[in-house]
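Quick notes on the structure that follows.
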Amino acid sequence: MPTTDLLIPVRRCVRKRGRFRWPPSAVLASPRTEDALPLGQLATDLGGLGAAARTVHNAWGPATLRLRRDTSVPDPEGYRLTVSPQAVEIVSSAAAGAYYGVQTLRELIAAHGRTLPACIIDDGPAFRRRGVYLDCSRGKVPKVQTLKALVEQLARWKVNELQLYVENVFTFRRHPAIGRGYSPFTPEELLAVQDQCRLHHVRFVGSLASFGHFEKILALPEYSHLGEMPGFRGLAGGTTLCPADPGAIRLLSEMYDEFLPLFEADDFNVCCDETWELGKGRSRRRAERAGVGRVYLDFLKKILRLCEKHGKRMNAWADIVLDHADLLPDVPRSIVMLNWDYHPRGRRIPRTGEIAGAGLPLVVCPGTNAWNSHGCRLEMGMKNIARFAREGLARGAEGLLNTDWGDNGHRNMLAVSLHNDAWGAANSWQPRRARPDGFTERFCLHAFGRRDAPLARAIRTLGRADETLGLPYANAGALYLTFLGAVAKRLRDNDWTVQRLAAADASGIARHHDALAALRWPKAPKRADPFLRTTFEEYALAARLDMVACLRAAAMKQMIAGRSPSAARWRQLITATREAMRELERVWLLGNKPSRLRDNLTGMRRAIRDYERLART
């Protein structure tokens with residue numbers, strides 16, 4: 001079949017006799033000016049193959065490719081693509097369908113060149129909402145040009161929703177201290193991203209932490225009194241707003257007044273996950289009377305009224321509601337439940353049916369598993385996404401939102417998330433047709449225009465750190481979490497990450513280091529766009545960081561075994577860490593604002609000072 005090399009699977013393809021070859025001069029026709037953008041993309045692709053193309057806006061006349069509107073394709077995002085030996089036609093009922101039809105045609109060209117197999121493709125999405133959720137609050141705040149390029153890339157994979165996770169990275173005029181020191185987004189920047197989204201049929205959905213994960217704001221003296229349990233985990237105001245404090249909802253109301261009106265989309269994500277201290281601090285008496293779940297739900301309803309004031313349909317993470325599932329019948333039916341879990345066998349995945357059974361709209365939310373790693377937990381993410389997509393389809397979910405977090409400093413680069421972003425796109429478009437075998441090779445072809453197997457092997461090598469170390473699936477990579485801090489102190493603390501490292505195979509650490517050292521990441525073509533060039537730079541940086549982590553892990557394994565690494569080993573680590581620091585700073589700033597880069601650099605400097613001390617002893 002001509003679709004076996006496609007990255008994003010199609011619903012139905014029928015092979016026909018013959019082949020079509022793009023002529024040296026092609027005419028791309030549509031009566032709609034709204035089709036100019038995808039036709040321009042196609043013309044650029046054809047130009048790269050030596051075929052000139054021009055766009056004409058008419059509904060009749062000779063054309064190599066014609067886009068046509070027809071109500072026989074009922075789904076506004078669906079299309080029918082016909083490749084005959086004489087010409088190509090894409091029929092849709094709306095501009096989005098025409099756009100996605102062109103994207104499939106571009107994939108056929110990437111796979112087959114100028115000569116295409118004749119076929120008829122009838123296609124449309126399995127999920128109405130197909131999103132990517134990008135963390136912008138744990139370290140990296142992307143530049144606008146990075147987000148614009150990401151939007152175009154995601155739209156090529158038929159993703160139609162983007163959310164940016166915001167805790168405090170916005171310039172609130174009434175609360176200017178909130179984003180200070182975090183390179184916050186301005187309203188103008190978010191509007192520029194929204195303009196780009198609109199061009200590519202992507203909904204830009206706002207997202208703002210509104211209950212839990214409020215620690216960055218509560219850390220500020222003027223807001224710490226609003227915390228549920230000040231001092232929790234050593235944080236001035238804790239991590240969770242106190243629902244019993246009238247000032248909490250007043251602050252949210254003022255933040256919402258500035259933030260929500262920027263977004264055209266009807267949906268808005270209020271987050272409200274992981275309210276760890278709830279019912280243990282200032283709301284304890286109320287929780288003892290009514291129950292922690294009821295306290296949570298009452299505050300959720302107050303937030304709902306704020307969303308309704310701005311004409312938004314409230315979305316919220318489902319973990320706390322599922323922890324108190326007896327309250328599911330009382331959750332307002334207008335709230336969309338975002339059910340998340342990031343393990344392939346996550347306990348909340350099969351509980352999707354409880355949300356659906358309660359009559360609540362829902363979206364399933366797997367994850368790339370790139371966070372807490374330098375190179376992504378590739379297989380874990382793919383299995384998690386595929387299983388959640390199947391569950392969502394079976395339970396009538398309205399969408400799939402693929403999350404990409406940045407816990408613990410966000411050293412994980414955007415590049416290492418793209419593979420599983422694409423896999424998420426494939427599973428949100430046609431989950432029953434998404435094939436894991438050969439996916440990495442198809443990803444390299446369609447994302448980078450490269451068929452070479454070494455690149456696919458390099459991505460898999462980088463994404464298999466835990467497997468090579470002999471460690472089971474977990475939400476964090478041992479190499480990532482043991483990367484910073486004084487070695488002796490980490491070993492004394494003997495936390496979960498050190499225990500995980502202790503269980504790692506020492507020979508596996510050496511194998512992973514040597515495999516990474518043997519990789520040769522390709523350079524982007526000179527005429528490549530900045531996003532592609534930065535992507536390859538980020539891959540190379542990820543490999544370098546994991547190599548340094550291997551050296552450090554090997555030294556720590558020696559110390560766990562009661563042996564002292566040599567001074568030469570510590571000097572090797574000093575040199576490698578200094579080089580990695582320089583590269584981290586350079587590559588980080590290619591696509592991101594300065595934000596919390598300094599936190600990572602400070603941690604690496606402390607590690608170097610520790611190595612220098614150990615080298616002298």
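By convention in this document, the chains of the structure tokens carry letters A, B, ... by their order, each chain's residues are numbered from 1, and ligands are numbered from 1 in the order they are shown.
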
What's the 8 Å shell around Arg66 in chain A, counting only C-alpha atoms, without same-chain residues fewer than 5 positions away, as a list in words?
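Returned residues: Leu28, Ala29, Ser30, Val88, Glu89 and Ile90 of chain A.
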
Every residue of range 63-304 of chain A that DSSP places in helix (DSSP H, G or I), as number ranges by chain
A: 95-112, 144-156, 187-199, 215-218, 224-226, 232-234, 246-262, 284-290, 292-304

Step one, run DSSP on the backbone; step two, keep only residues of range 273-517 of chain A assigned to strand (DSSP E); then write them as a list of chain:residue names.
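So, restricting range 273-517 of chain A to strand (DSSP E), we get A:Arg313, A:Met314, A:Asn315, A:Ala316, A:Trp317, A:Val336, A:Met337, A:Leu338, A:Asn339, A:Trp340, A:Leu362, A:Val363, A:Val364, A:Cys365, A:Gly399, A:Leu400, A:Leu401, A:Asn402, A:Thr403, A:Asp404.
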
Restrict the selected residues to C-alpha atoms and save them as a CSV table (one decimal), in the first residue's frame.
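Result file again.csv:
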chain,number,residue,atom,x,y,z
A,313,ARG,CA,-15.6,25.7,29.3
A,314,MET,CA,-13.5,24.6,32.3
A,315,ASN,CA,-11.0,21.7,31.9
A,316,ALA,CA,-9.3,20.3,35.0
A,317,TRP,CA,-6.9,17.4,35.7
A,336,VAL,CA,-14.1,18.5,31.1
A,337,MET,CA,-12.0,15.9,33.1
A,338,LEU,CA,-8.4,15.5,31.9
A,339,ASN,CA,-7.4,12.0,33.0
A,340,TRP,CA,-3.7,11.7,33.1
A,362,LEU,CA,-13.2,13.8,29.2
A,363,VAL,CA,-9.8,13.9,27.5
A,364,VAL,CA,-7.2,11.2,27.9
A,365,CYS,CA,-3.7,12.6,28.8
A,399,GLY,CA,-9.7,14.0,22.7
A,400,LEU,CA,-6.1,13.1,23.5
A,401,LEU,CA,-3.8,15.7,25.1
A,402,ASN,CA,-0.1,14.5,25.0
A,403,THR,CA,1.8,16.1,27.9
A,404,ASP,CA,5.4,17.1,27.9

Counting only C-alpha atoms, the residue of A:Asp610, A:Glu579, A:Asp505, A:Asp123 that sits nearest Thr468 in chain A
A:Asp505

Ile574 in chain A proximity check over A:Leu260, A:Val548, A:Met413, A:Ala43, using only C-alpha atoms: winner is A:Val548
